[in-house]
>>> print(open('query.cif').read())   # mmCIF, C-alpha atoms
data_entry
loop_
_atom_site.label_atom_id
_atom_site.label_comp_id
_atom_site.auth_asym_id
_atom_site.auth_seq_id
_atom_site.Cartn_x
_atom_site.Cartn_y
_atom_site.Cartn_z
CA MET A 1 98.51 99.10 30.41
CA PRO A 2 96.03 98.71 33.27
CA CYS A 3 93.13 101.10 33.64
CA VAL A 4 91.88 102.66 36.86
CA THR A 5 88.19 103.53 36.91
CA PHE A 6 87.27 106.28 39.36
CA GLU A 7 83.97 108.21 39.52
CA GLY A 8 82.82 106.85 36.21
CA GLN A 9 85.98 107.65 34.24
CA ALA A 10 88.67 105.21 33.13
CA TYR A 11 92.28 106.39 33.33
CA GLU A 12 95.07 104.43 31.71
CA LEU A 13 98.23 104.06 33.74
CA GLU A 14 101.59 104.77 32.16
CA SER A 15 104.34 102.21 32.64
CA GLY A 16 105.76 102.36 36.20
CA GLU A 17 103.16 104.87 37.33
CA THR A 18 101.32 104.47 40.64
CA VAL A 19 97.55 104.83 40.87
CA LEU A 20 97.99 108.15 42.70
CA GLU A 21 100.40 109.51 40.09
CA CYS A 22 97.92 108.57 37.37
CA LEU A 23 95.01 110.36 39.08
CA LEU A 24 97.10 113.46 39.73
CA ARG A 25 98.43 113.47 36.16
CA HIS A 26 94.81 113.69 35.01
CA GLY A 27 94.24 116.73 37.15
CA LEU A 28 92.09 115.06 39.83
CA SER A 29 92.32 116.68 43.24
CA VAL A 30 92.47 113.60 45.41
CA PRO A 31 93.88 113.82 48.94
CA TYR A 32 97.48 112.71 49.50
CA SER A 33 100.54 113.70 51.49
CA CYS A 34 103.67 111.59 51.99
CA GLN A 35 103.54 109.58 48.74
CA ALA A 36 105.51 106.92 50.62
CA GLY A 37 102.80 104.59 51.91
CA VAL A 38 103.03 105.94 55.46
CA CYS A 39 100.43 108.63 56.20
CA GLN A 40 97.35 106.88 54.69
CA THR A 41 95.87 110.19 53.55
CA CYS A 42 95.37 108.86 50.01
CA THR A 43 93.45 105.71 51.07
CA MET A 44 90.98 104.50 48.45
CA THR A 45 88.81 101.39 48.26
CA ALA A 46 89.07 98.90 45.39
CA VAL A 47 85.61 97.56 44.55
CA ASP A 48 86.85 95.50 41.62
CA GLY A 49 90.25 94.22 40.51
CA VAL A 50 93.33 92.96 42.31
CA VAL A 51 95.44 95.26 44.48
CA PRO A 52 99.11 94.28 44.93
CA ALA A 53 99.69 93.17 48.53
CA ILE A 54 102.28 95.86 49.22
CA ALA A 55 99.68 98.56 48.69
CA GLN A 56 97.53 97.07 51.47
CA ALA A 57 100.05 95.56 53.87
CA SER A 58 100.25 98.40 56.38
CA LEU A 59 96.47 98.77 56.71
CA LEU A 60 94.32 97.09 59.37
CA ASP A 61 93.16 93.63 58.37
CA THR A 62 89.51 94.71 58.43
CA HIS A 63 90.34 97.63 56.15
CA GLN A 64 92.25 95.33 53.80
CA GLN A 65 89.29 92.97 53.68
CA ARG A 66 86.92 95.69 52.61
CA GLY A 67 89.32 96.62 49.81
CA ASP A 68 91.16 99.66 51.20
CA PHE A 69 94.60 100.33 49.75
CA LEU A 70 97.20 103.09 49.33
CA PRO A 71 97.25 104.46 45.75
CA CYS A 72 100.62 106.15 46.27
CA ILE A 73 102.41 102.81 46.40
CA CYS A 74 100.06 100.84 44.17
CA LEU A 75 101.38 99.53 40.85
CA PRO A 76 98.49 97.35 39.69
CA GLN A 77 98.97 94.47 37.29
CA GLY A 78 95.39 94.65 36.03
CA ASP A 79 92.42 96.96 35.87
CA LEU A 80 91.03 98.43 39.07
CA HIS A 81 87.73 100.03 39.90
CA ILE A 82 88.22 102.32 42.88
CA VAL A 83 86.09 104.60 45.04
CA ASP A 84 86.86 107.23 47.63
CA PRO A 85 85.76 105.56 50.89
CA ASP A 86 84.68 108.88 52.40
CA SER A 87 82.37 109.95 49.63
CA GLU A 88 81.13 106.64 48.29
CA LEU A 89 77.39 106.25 48.79
CA ASN A 90 75.98 102.89 47.84
CA GLN A 91 72.21 103.25 48.04
CA VAL A 92 69.70 100.40 47.74
CA SER A 93 66.01 99.86 48.19
CA VAL A 94 64.86 97.24 50.71
CA THR A 95 61.56 95.72 51.78
CA VAL A 96 60.84 95.16 55.45
CA THR A 97 60.17 91.45 55.91
CA GLU A 98 60.03 91.33 59.70
CA HIS A 99 59.16 93.95 62.27
CA GLU A 100 59.29 92.45 65.74
CA LEU A 101 59.84 93.80 69.23
CA LEU A 102 62.61 91.95 71.08
CA SER A 103 61.88 93.94 74.23
CA PRO A 104 59.55 96.86 75.05
CA THR A 105 62.13 99.28 73.62
CA VAL A 106 64.11 97.28 71.05
CA LEU A 107 62.76 96.59 67.57
CA ARG A 108 64.26 93.96 65.29
CA LEU A 109 64.00 94.96 61.64
CA ARG A 110 64.71 92.42 58.91
CA MET A 111 64.95 93.72 55.38
CA HIS A 112 65.22 92.11 51.97
CA LEU A 113 67.11 93.67 49.08
CA ASP A 114 64.97 94.61 46.10
CA GLY A 115 66.06 93.75 42.62
CA SER A 116 68.70 91.31 41.49
CA SER A 117 71.15 94.04 40.56
CA ALA A 118 71.26 95.57 44.02
CA SER A 119 74.46 94.77 45.90
CA PHE A 120 74.96 95.17 49.59
CA GLN A 121 77.97 93.02 50.36
CA HIS A 122 78.61 93.47 54.02
CA ARG A 123 80.10 91.97 57.15
CA ALA A 124 78.18 91.64 60.39
CA GLY A 125 79.22 94.53 62.63
CA GLN A 126 79.39 97.11 59.85
CA PHE A 127 76.57 99.62 59.74
CA LEU A 128 73.95 100.76 57.27
CA THR A 129 72.19 104.11 57.15
CA ILE A 130 68.41 104.28 56.78
CA VAL A 131 67.49 107.37 54.78
CA ARG A 132 63.94 108.66 54.93
CA SER A 133 62.31 110.65 52.13
CA ASP A 134 62.42 113.83 54.22
CA GLY A 135 66.18 113.49 54.46
CA VAL A 136 66.44 112.24 58.05
CA ALA A 137 69.14 109.58 58.09
CA ARG A 138 70.36 107.35 60.92
CA PRO A 139 73.03 104.63 61.05
CA TYR A 140 72.27 101.18 62.49
CA SER A 141 74.65 98.31 63.02
CA ILE A 142 74.15 95.15 60.99
CA ALA A 143 73.44 92.05 63.07
CA SER A 144 73.03 89.70 60.11
CA LEU A 145 75.45 87.64 58.06
CA GLU A 146 75.45 87.63 54.22
CA GLN A 147 74.18 84.06 54.22
CA ASP A 148 71.16 84.93 56.38
CA GLY A 149 69.58 86.34 53.21
CA PHE A 150 68.29 89.46 54.96
CA LEU A 151 69.66 92.58 56.61
CA GLU A 152 68.95 92.79 60.33
CA THR A 153 69.24 95.76 62.63
CA HIS A 154 68.11 96.42 66.20
CA VAL A 155 66.49 99.79 66.79
CA ARG A 156 66.17 101.19 70.28
CA ARG A 157 63.27 103.57 70.78
CA VAL A 158 64.89 106.91 71.63
CA GLN A 159 62.86 109.56 73.44
CA ASP A 160 61.94 112.18 70.82
CA GLY A 161 64.01 110.21 68.33
CA ALA A 162 63.15 111.27 64.79
CA MET A 163 63.91 107.92 63.18
CA SER A 164 63.46 105.31 65.89
CA ASN A 165 59.87 106.24 66.76
CA TRP A 166 58.96 106.26 63.08
CA LEU A 167 60.53 102.83 62.56
CA HIS A 168 58.80 101.46 65.64
CA ASP A 169 55.34 102.95 65.07
CA GLU A 170 54.86 103.74 61.39
CA VAL A 171 56.94 101.26 59.44
CA GLY A 172 55.71 97.70 59.03
CA GLU A 173 56.18 94.52 57.04
CA GLY A 174 56.04 95.11 53.32
CA ASP A 175 57.20 98.73 53.54
CA LEU A 176 60.07 99.97 51.41
CA LEU A 177 63.10 101.64 52.91
CA THR A 178 66.16 103.32 51.39
CA VAL A 179 69.45 102.15 52.84
CA GLN A 180 73.03 103.34 52.29
CA GLY A 181 76.29 101.61 53.04
CA PRO A 182 77.71 99.42 54.37
CA LYS A 183 80.43 101.26 56.23
CA GLY A 184 82.62 100.59 59.22
CA ASP A 185 85.45 98.32 60.24
CA CYS A 186 84.00 96.74 63.35
CA PHE A 187 83.74 93.21 61.97
CA TYR A 188 85.36 89.81 62.46
CA ALA A 189 88.70 89.87 60.70
CA GLY A 190 89.45 86.15 60.79
CA SER A 191 93.19 86.63 60.48
CA ASP A 192 93.82 84.44 63.53
CA PRO A 193 91.24 81.71 64.30
CA GLU A 194 92.92 80.95 67.65
CA GLN A 195 92.97 84.50 68.91
CA PRO A 196 90.83 85.09 72.03
CA LEU A 197 88.03 87.59 71.40
CA LEU A 198 86.40 89.92 73.89
CA LEU A 199 83.03 91.32 72.82
CA ALA A 200 81.50 93.90 75.17
CA GLY A 201 78.60 96.25 74.70
CA THR A 202 75.59 98.05 76.09
CA GLY A 203 72.00 98.25 74.86
CA THR A 204 71.65 97.72 71.11
CA GLY A 205 75.42 97.38 70.99
CA LEU A 206 74.38 93.74 71.10
CA ALA A 207 73.36 93.95 67.42
CA PRO A 208 76.87 94.19 65.94
CA LEU A 209 78.34 91.95 68.66
CA TRP A 210 75.74 89.20 68.06
CA GLY A 211 76.53 89.41 64.34
CA ILE A 212 80.29 89.34 64.93
CA LEU A 213 79.90 86.38 67.30
CA ARG A 214 77.93 84.32 64.79
CA ASP A 215 80.22 85.42 61.96
CA ALA A 216 83.32 84.31 63.87
CA VAL A 217 81.89 80.91 64.78
CA THR A 218 80.53 80.36 61.25
CA ARG A 219 83.99 81.12 59.84
CA GLY A 220 85.53 78.54 62.11
CA HIS A 221 86.95 80.65 64.89
CA ARG A 222 88.43 78.29 67.48
CA GLY A 223 89.79 80.62 70.13
CA PRO A 224 87.66 81.61 73.14
CA ILE A 225 84.98 84.22 72.51
CA HIS A 226 83.68 86.04 75.57
CA LEU A 227 80.57 88.19 75.11
CA PHE A 228 79.42 90.63 77.78
CA HIS A 229 76.13 92.48 77.26
CA ALA A 230 75.20 95.16 79.78
CA ALA A 231 72.08 97.13 80.62
CA GLY A 232 70.81 99.16 83.56
CA THR A 233 68.34 96.46 84.55
CA ALA A 234 67.18 93.14 83.16
CA GLU A 235 64.55 94.98 81.10
CA GLY A 236 67.32 96.50 79.01
CA LEU A 237 68.63 93.08 78.01
CA TYR A 238 67.22 91.19 75.01
CA LEU A 239 67.85 88.00 73.00
CA VAL A 240 69.07 86.55 76.29
CA ASP A 241 67.75 83.05 75.62
CA GLU A 242 68.97 82.98 72.00
CA VAL A 243 72.47 84.11 72.89
CA ALA A 244 72.64 81.72 75.87
CA GLU A 245 71.49 78.88 73.62
CA PHE A 246 74.16 79.75 71.05
CA ALA A 247 76.82 79.84 73.78
CA ALA A 248 75.67 76.46 75.05
CA GLN A 249 76.04 74.98 71.56
CA HIS A 250 79.57 76.28 71.01
CA SER A 251 82.10 75.45 73.68
CA GLN A 252 84.45 78.31 72.76
CA VAL A 253 81.72 80.88 73.47
CA THR A 254 80.78 82.30 76.88
CA TYR A 255 77.99 84.81 77.38
CA THR A 256 77.65 87.04 80.45
CA PRO A 257 74.68 89.39 80.70
CA VAL A 258 75.40 92.22 83.15
CA VAL A 259 72.93 94.53 84.90
CA ARG A 260 73.76 97.50 87.06
CA SER A 261 70.92 96.87 89.45
CA GLY A 262 68.21 94.37 90.20
CA PRO A 263 68.49 90.60 90.41
CA ALA A 264 71.31 89.01 88.42
CA PRO A 265 70.08 87.53 85.13
CA GLU A 266 70.51 83.80 84.65
CA GLY A 267 74.15 83.06 83.88
CA GLY A 268 74.97 86.72 84.45
CA THR A 269 76.02 89.15 87.12
CA VAL A 270 75.20 92.47 88.78
CA GLY A 271 77.84 95.14 88.40
CA ASP A 272 79.40 97.80 86.23
CA LEU A 273 80.50 96.55 82.81
CA LEU A 274 83.92 98.18 83.20
CA GLU A 275 84.58 96.46 86.50
CA VAL A 276 83.13 93.14 85.38
CA THR A 277 85.33 93.00 82.27
CA ALA A 278 88.40 94.24 84.16
CA ASP A 279 87.95 91.49 86.77
CA ALA A 280 87.35 88.80 84.18
CA HIS A 281 90.18 89.95 81.90
CA PRO A 282 92.96 91.82 83.69
CA ASP A 283 95.44 91.03 80.90
CA LEU A 284 94.30 91.28 77.30
CA ARG A 285 97.70 90.85 75.65
CA GLY A 286 97.06 89.12 72.31
CA TRP A 287 93.27 89.56 72.49
CA ARG A 288 91.07 91.10 69.81
CA VAL A 289 88.44 93.37 71.33
CA TYR A 290 85.09 94.59 69.98
CA LEU A 291 83.30 97.36 71.89
CA CYS A 292 79.86 98.64 70.87
CA GLY A 293 77.18 100.84 72.37
CA ALA A 294 77.05 103.91 74.61
CA PRO A 295 79.96 106.25 73.76
CA LYS A 296 81.08 106.92 77.35
CA THR A 297 81.26 103.20 78.07
CA VAL A 298 82.89 102.32 74.75
CA ASN A 299 85.57 105.00 75.18
CA ALA A 300 86.26 103.99 78.78
CA LEU A 301 86.42 100.32 77.80
CA GLN A 302 88.75 101.17 74.92
CA ARG A 303 91.20 102.84 77.25
CA GLN A 304 90.83 100.09 79.85
CA CYS A 305 91.47 97.33 77.32
CA PHE A 306 94.45 99.17 75.85
CA LEU A 307 95.99 99.64 79.29
CA ALA A 308 95.33 95.93 79.89
CA ASN A 309 97.77 95.32 77.01
CA ALA A 310 95.46 94.86 74.03
CA SER A 311 97.15 96.57 71.09
CA THR A 312 95.51 99.59 69.44
CA THR A 313 95.12 97.76 66.16
CA ASP A 314 93.27 94.92 67.91
CA ILE A 315 90.58 97.11 69.50
CA HIS A 316 87.52 97.78 67.33
CA CYS A 317 85.07 100.38 68.58
CA ASP A 318 81.62 101.39 67.50
CA ALA A 319 80.30 104.14 69.73
CA PHE A 320 76.59 104.74 69.16
CA VAL A 321 76.51 108.52 69.17
CA SER A 322 72.89 109.51 69.13
CA ALA A 323 71.71 112.39 66.97
CA GLY A 324 70.63 114.15 70.12
CA ASP A 325 74.23 114.10 71.38
CA VAL A 326 75.51 116.08 68.43
CA VAL A 327 75.66 119.79 69.19
CA ALA A 328 75.36 122.07 66.19
CA THR A 329 78.36 124.31 65.78
CA GLY A 330 78.10 127.81 64.39
CA MET B 1 126.01 106.30 56.60
CA SER B 2 124.35 104.04 59.16
CA ASP B 3 120.72 102.99 59.09
CA SER B 4 118.26 105.00 61.16
CA ILE B 5 116.95 103.58 64.46
CA TYR B 6 113.63 103.26 62.62
CA THR B 7 115.18 100.88 60.11
CA ARG B 8 117.25 99.04 62.70
CA LEU B 9 114.20 98.51 64.95
CA GLY B 10 112.36 96.95 62.06
CA GLY B 11 110.75 99.89 60.29
CA GLU B 12 107.00 100.24 59.99
CA ALA B 13 106.20 96.84 61.48
CA ALA B 14 108.08 97.66 64.67
CA MET B 15 106.32 101.00 65.03
CA ASN B 16 102.96 99.45 65.96
CA ALA B 17 104.43 97.63 68.96
CA ALA B 18 106.57 100.63 69.89
CA VAL B 19 103.69 103.08 69.73
CA ASP B 20 101.51 100.92 71.97
CA LEU B 21 104.28 100.71 74.58
CA PHE B 22 104.94 104.45 74.35
CA TYR B 23 101.27 105.48 74.41
CA ARG B 24 100.51 103.22 77.39
CA LYS B 25 103.26 104.92 79.36
CA VAL B 26 101.93 108.35 78.46
CA LEU B 27 98.33 107.39 79.39
CA GLN B 28 99.44 105.97 82.73
CA ASP B 29 101.33 109.16 83.59
CA GLN B 30 99.08 111.21 85.88
CA GLU B 31 100.64 114.45 84.65
CA LEU B 32 99.85 113.70 81.01
CA SER B 33 96.80 111.44 80.77
CA HIS B 34 94.22 114.19 81.15
CA PHE B 35 95.37 115.78 77.89
CA PHE B 36 94.03 112.67 76.17
CA ASP B 37 90.66 112.43 77.91
CA ASP B 38 88.54 113.71 75.06
CA THR B 39 90.58 112.42 72.19
CA ASP B 40 89.90 109.59 69.80
CA MET B 41 92.29 106.88 70.95
CA ALA B 42 92.98 105.33 67.57
CA GLY B 43 93.55 108.76 66.01
CA GLN B 44 95.93 109.67 68.81
CA ALA B 45 97.83 106.41 68.42
CA ALA B 46 98.27 107.22 64.73
CA LYS B 47 99.74 110.61 65.63
CA GLN B 48 102.02 109.08 68.26
CA LYS B 49 103.16 106.66 65.58
CA ALA B 50 103.95 109.54 63.24
CA PHE B 51 105.88 111.27 66.06
CA LEU B 52 107.80 108.09 66.88
CA THR B 53 108.54 107.52 63.22
CA MET B 54 109.97 111.02 63.01
CA ALA B 55 111.99 110.72 66.22
CA LEU B 56 113.48 107.43 65.08
CA GLY B 57 114.50 108.73 61.67
CA GLY B 58 111.78 107.16 59.56
CA PRO B 59 109.79 108.78 56.71
CA ASN B 60 107.57 111.44 58.18
CA GLN B 61 105.38 114.41 57.37
CA TYR B 62 105.44 116.17 60.72
CA THR B 63 106.39 119.76 60.04
CA GLY B 64 107.23 122.34 62.66
CA ASP B 65 103.87 123.97 62.01
CA ASP B 66 101.99 120.74 62.71
CA MET B 67 103.68 120.43 66.09
CA ARG B 68 102.97 124.01 67.06
CA GLN B 69 99.35 124.01 65.91
CA THR B 70 98.47 120.72 67.54
CA HIS B 71 99.80 121.68 70.98
CA ARG B 72 99.08 125.39 70.91
CA GLU B 73 96.04 125.43 73.21
CA MET B 74 97.39 123.06 75.83
CA SER B 75 99.60 125.39 77.93
CA LEU B 76 102.36 122.82 78.04
CA SER B 77 105.50 123.24 80.10
CA ASP B 78 109.08 121.96 79.88
CA ASP B 79 108.09 119.39 82.51
CA HIS B 80 105.38 117.98 80.24
CA PHE B 81 107.81 117.81 77.35
CA ASP B 82 110.51 116.19 79.50
CA ALA B 83 108.01 113.59 80.70
CA VAL B 84 107.10 112.58 77.15
CA VAL B 85 110.75 112.34 76.09
CA GLY B 86 111.34 110.25 79.21
CA HIS B 87 108.61 107.83 78.15
CA LEU B 88 110.14 107.67 74.68
CA GLY B 89 113.48 106.72 76.25
CA ALA B 90 111.86 104.10 78.49
CA THR B 91 110.04 102.60 75.48
CA LEU B 92 113.25 102.30 73.49
CA THR B 93 115.03 100.79 76.50
CA GLU B 94 112.30 98.16 76.77
CA LEU B 95 112.74 97.42 73.08
CA GLY B 96 116.47 96.82 73.65
CA VAL B 97 117.76 99.87 71.80
CA PRO B 98 121.35 100.76 72.93
CA ALA B 99 121.81 103.90 75.03
CA ASP B 100 123.69 105.89 72.41
CA LEU B 101 120.88 105.42 69.89
CA ILE B 102 118.32 106.40 72.50
CA GLY B 103 120.37 109.59 72.90
CA GLU B 104 120.06 110.19 69.16
CA ALA B 105 116.29 109.73 69.26
CA ALA B 106 116.01 112.05 72.26
CA ALA B 107 117.99 114.67 70.36
CA VAL B 108 115.57 114.49 67.44
CA ALA B 109 112.62 114.82 69.83
CA GLU B 110 114.42 117.72 71.55
CA SER B 111 114.60 119.57 68.25
CA VAL B 112 110.83 120.16 68.35
CA ARG B 113 110.63 121.42 71.95
CA GLY B 114 110.24 125.02 70.86
CA GLU B 115 107.44 124.19 68.45
CA VAL B 116 105.54 121.96 70.86
CA LEU B 117 105.76 124.53 73.65
CA ASN B 118 104.79 127.31 71.22
CA ARG B 119 107.88 129.37 71.94
CA PRO B 120 108.59 132.27 69.58
CA THR B 121 111.12 131.39 66.90
CA GLU B 122 114.42 133.31 66.99
#
>>> encode(input="query.cif", output="structure tokens")
Amino acid sequence: MPCVTFEGQAYELESGETVLECLLRHGLSVPYSCQAGVCQTCTMTAVDGVVPAIAQASLLDTHQQRGDFLPCICLPQGDLHIVDPDSELNQVSVTVTEHELLSPTVLRLRMHLDGSSASFQHRAGQFLTIVRSDGVARPYSIASLEQDGFLETHVRRVQDGAMSNWLHDEVGEGDLLTVQGPKGDCFYAGSDPEQPLLLAGTGTGLAPLWGILRDAVTRGHRGPIHLFHAAGTAEGLYLVDEVAEFAAQHSQVTYTPVVRSGPAPEGGTVGDLLEVTADAHPDLRGWRVYLCGAPKTVNALQRQCFLANASTTDIHCDAFVSAGDVVATG
Amino acid sequence: MSDSIYTRLGGEAAMNAAVDLFYRKVLQDQELSHFFDDTDMAGQAAKQKAFLTMALGGPNQYTGDDMRQTHREMSLSDDHFDAVVGHLGATLTELGVPADLIGEAAAVAESVRGEVLNRPTE
């Protein structure tokens, strides 16, 4: 009978027993509720082995691709190695190979994995968490593709920011960093290469969007891809030439930089990102949408795109909540 | 014993389209949209889907307590409740569900009015 490995222990399934039933039979207190494949409370991630399609079918395609499945309706044919997606902490050591300012406030960090055994399989648009020795930890979106051979993040200098100022001023090439992850479902799903994609973001929201854009094109996406990157003024934009060059090379891609004030950037426009995207795309029926950056803007765009007929399951959001925004509760 | 509306609509696969239609109507209703201002949209859609699944006779885990707890602090009125049931009816109409079945779904939704409005149980 197949074995399920969970938290270092292997559990053999009895004939006709689901993964959930097996874990519960062994006295593990894993979360579950309906036991009918509906509520998704029991969701686990398979890091090794083959999950029967029925145990994944009702999950989002991005969740399926990262291995999520429902143990309560999973009758595996072979062994599975599973982890609880909420508690799983994959931690690796990386060396900084590039430390370059893309603008006065945005740092591009490129990092190389140490050791041949380290694994950091990821998709562009997911995020990693940099953990410092004093315990301060911050998440950053991944702008790089697996095949780039390095991990890339864009770090905005935040006033009084505990991590960003340290990364900008005290970390340099050759330094070692500890990184956890990857997590998140804001990545190119690839389930429909003809589907039109809307990518919209503010500030360093460009990091995941730039990664998703390159990932989509590299994987052969044929449908139109429209990227909007917004900032207060032109100084808040970055990688403008690189992104414009990429758009020029791929006919399905259009890039529109947007600034709230000041002269319009080349190929771009002055205006509010919400209005600009609403004018350009009043009907998003059938579109896949990726929204990254400032929480207020991401949330407003999410609602706007949904009301413009994009379906909930086709809208991916990554709101960059800054540590300063989090209010401690008693 | 006839199949539930849930099954006849197409089960789980139909719920995603139905919930989007339903939730859009609710969000575009001036009397209701403000209740959703600070909520996580995807999380809310999942809850609407669970509510729809229940109302249409599908497998569900919504208990009376869930309904009461979730809506307790909102000071909801019969008008709010009626508006939501109205949007449910309009959604099912758009999906081509016959009137008598819509009546059945409305009756199921009606059965939780007391819980949603936090009325004392008899």
>>> closest_atom_pairs(input="query.cif", of="chain B", to="chain A", cutoff="12 Å", atoms="all atoms listed in the file", output="Markdown table")
| residue | atom | partner | partner_atom | distance |
| --- | --- | --- | --- | --- |
| B:Gly11 | CA | A:Val38 | CA | 10.9 |
| B:Glu12 | CA | A:Ser58 | CA | 7.9 |
| B:Ala13 | CA | A:Ser58 | CA | 8.0 |
| B:Ala14 | CA | A:Ser58 | CA | 11.4 |
| B:Met15 | CA | A:Ser58 | CA | 10.9 |
| B:Asn16 | CA | A:Thr313 | CA | 8.0 |
| B:Ala17 | CA | A:Ser311 | CA | 7.7 |
| B:Ala18 | CA | A:Ser311 | CA | 10.3 |
| B:Val19 | CA | A:Thr312 | CA | 8.9 |
| B:Asp20 | CA | A:Ser311 | CA | 6.2 |
| B:Leu21 | CA | A:Asn309 | CA | 8.8 |
| B:Phe22 | CA | A:Leu307 | CA | 11.3 |
| B:Tyr23 | CA | A:Leu307 | CA | 9.3 |
| B:Arg24 | CA | A:Leu307 | CA | 6.1 |
| B:Lys25 | CA | A:Leu307 | CA | 9.0 |
| B:Val26 | CA | A:Leu307 | CA | 10.6 |
| B:Leu27 | CA | A:Leu307 | CA | 8.1 |
| B:Gln28 | CA | A:Leu307 | CA | 8.0 |
| B:Asp29 | CA | A:Leu307 | CA | 11.7 |
| B:Ser33 | CA | A:Arg303 | CA | 10.8 |
| B:Phe36 | CA | A:Arg303 | CA | 10.3 |
| B:Asp37 | CA | A:Asn299 | CA | 9.4 |
| B:Asp38 | CA | A:Asn299 | CA | 9.2 |
| B:Thr39 | CA | A:Asn299 | CA | 9.4 |
| B:Asp40 | CA | A:Asn299 | CA | 8.3 |
| B:Met41 | CA | A:Arg303 | CA | 7.6 |
| B:Ala42 | CA | A:Thr312 | CA | 6.5 |
| B:Gly43 | CA | A:Thr312 | CA | 10.0 |
| B:Gln44 | CA | A:Thr312 | CA | 10.1 |
| B:Ala45 | CA | A:Thr312 | CA | 7.3 |
| B:Ala46 | CA | A:Cys39 | CA | 8.9 |
| B:Lys47 | CA | A:Cys39 | CA | 9.7 |
| B:Gln48 | CA | A:Thr312 | CA | 11.6 |
| B:Lys49 | CA | A:Cys39 | CA | 10.0 |
| B:Ala50 | CA | A:Cys39 | CA | 7.9 |
| B:Phe51 | CA | A:Cys39 | CA | 11.6 |
| B:Thr53 | CA | A:Val38 | CA | 9.6 |
| B:Met54 | CA | A:Val38 | CA | 11.4 |
| B:Gly58 | CA | A:Val38 | CA | 9.7 |
| B:Pro59 | CA | A:Val38 | CA | 7.4 |
| B:Asn60 | CA | A:Cys34 | CA | 7.3 |
| B:Gln61 | CA | A:Cys34 | CA | 6.3 |
| B:Tyr62 | CA | A:Cys34 | CA | 10.0 |
| B:Thr63 | CA | A:Cys34 | CA | 11.8 |
>>> atom_distance(input="query.cif", atom1="CA of Pro2 in chain A", atom2="CA of Leu20 in chain A")
13.5 Å
>>> atom_distance(input="query.cif", atom1="CA of Met74 in chain B", atom2="CA of Pro120 in chain B")
15.8 Å
>>> atom_distance(input="query.cif", atom1="CA of Phe228 in chain A", atom2="CA of Leu209 in chain A")
9.3 Å
>>> residues_around(input="query.cif", residues="Gly232 in chain A", least_positions_apart="5", cutoff="10 Å", atoms="all atoms listed in the file", output="list in words")
Thr202, Gly203, Leu237, Val258, Val259, Arg260, Ser261, Gly262, Val270, Gly271 and Asp272 of chain A
>>> write_last_selection(input="query.cif", atoms="C-alpha atoms", output="compact mmCIF listing (two decimals), keeping the file's coordinate frame")
# COMPACT_ATOMS: atom_id res chain seq x y z
CA THR A 202 75.59 98.05 76.09
CA GLY A 203 72.00 98.25 74.86
CA LEU A 237 68.63 93.08 78.01
CA VAL A 258 75.40 92.22 83.15
CA VAL A 259 72.93 94.53 84.90
CA ARG A 260 73.76 97.50 87.06
CA SER A 261 70.92 96.87 89.45
CA GLY A 262 68.21 94.37 90.20
CA VAL A 270 75.20 92.47 88.78
CA GLY A 271 77.84 95.14 88.40
CA ASP A 272 79.40 97.80 86.23
>>> residues_around(input="query.cif", residues="range 186-188 of chain A", least_positions_apart="6", cutoff="10 Å", atoms="only C-alpha atoms", output="ChimeraX atom specification")
/A:61-63,65,122-127,141-142,197,208-209,211-217,219,221,288-292,315-318
>>> resolve_selection(input="query.cif", expression="the PyMOL selection byres ((chain A and resi 15) around 12)", output="PyMOL selection string")
chain A and resi 1-3+12-14+16-19+21-22+75-77
>>> residues_near_point(input="query.cif", point="(92.6, 103.6, 45.7)", cutoff="7 Å", atoms="all atoms listed in the file", output="JSON, numbers by chain")
{"A": [43, 44, 45, 46, 68, 69, 70, 71, 82, 83]}
>>> closest_residue(input="query.cif", among="A:Cys72, A:Leu102, A:Leu198, A:Val243", to="Pro31 in chain A", atoms="all atoms listed in the file")
A:Cys72
>>> resolve_selection(input="query.cif", expression="the PyMOL selection byres ((chain B and resi 88) around 10)", output="PyMOL selection string")
chain B and resi 18-19+21-23+25-26+52+55+82-87+89-94+102+105-106+109
>>> resolve_selection(input="query.cif", expression="the PyMOL selection byres ((chain A and resi 97-100) around 8)", output="MDAnalysis selection string")
chainID A and resid 95:96 101:102 107:112 172:174
>>> residues_near_point(input="query.cif", point="(104.1, 123.4, 71.5)", cutoff="6 Å", atoms="all atoms listed in the file", output="JSON, numbers by chain")
{"B": [68, 71, 72, 115, 116, 117, 118]}
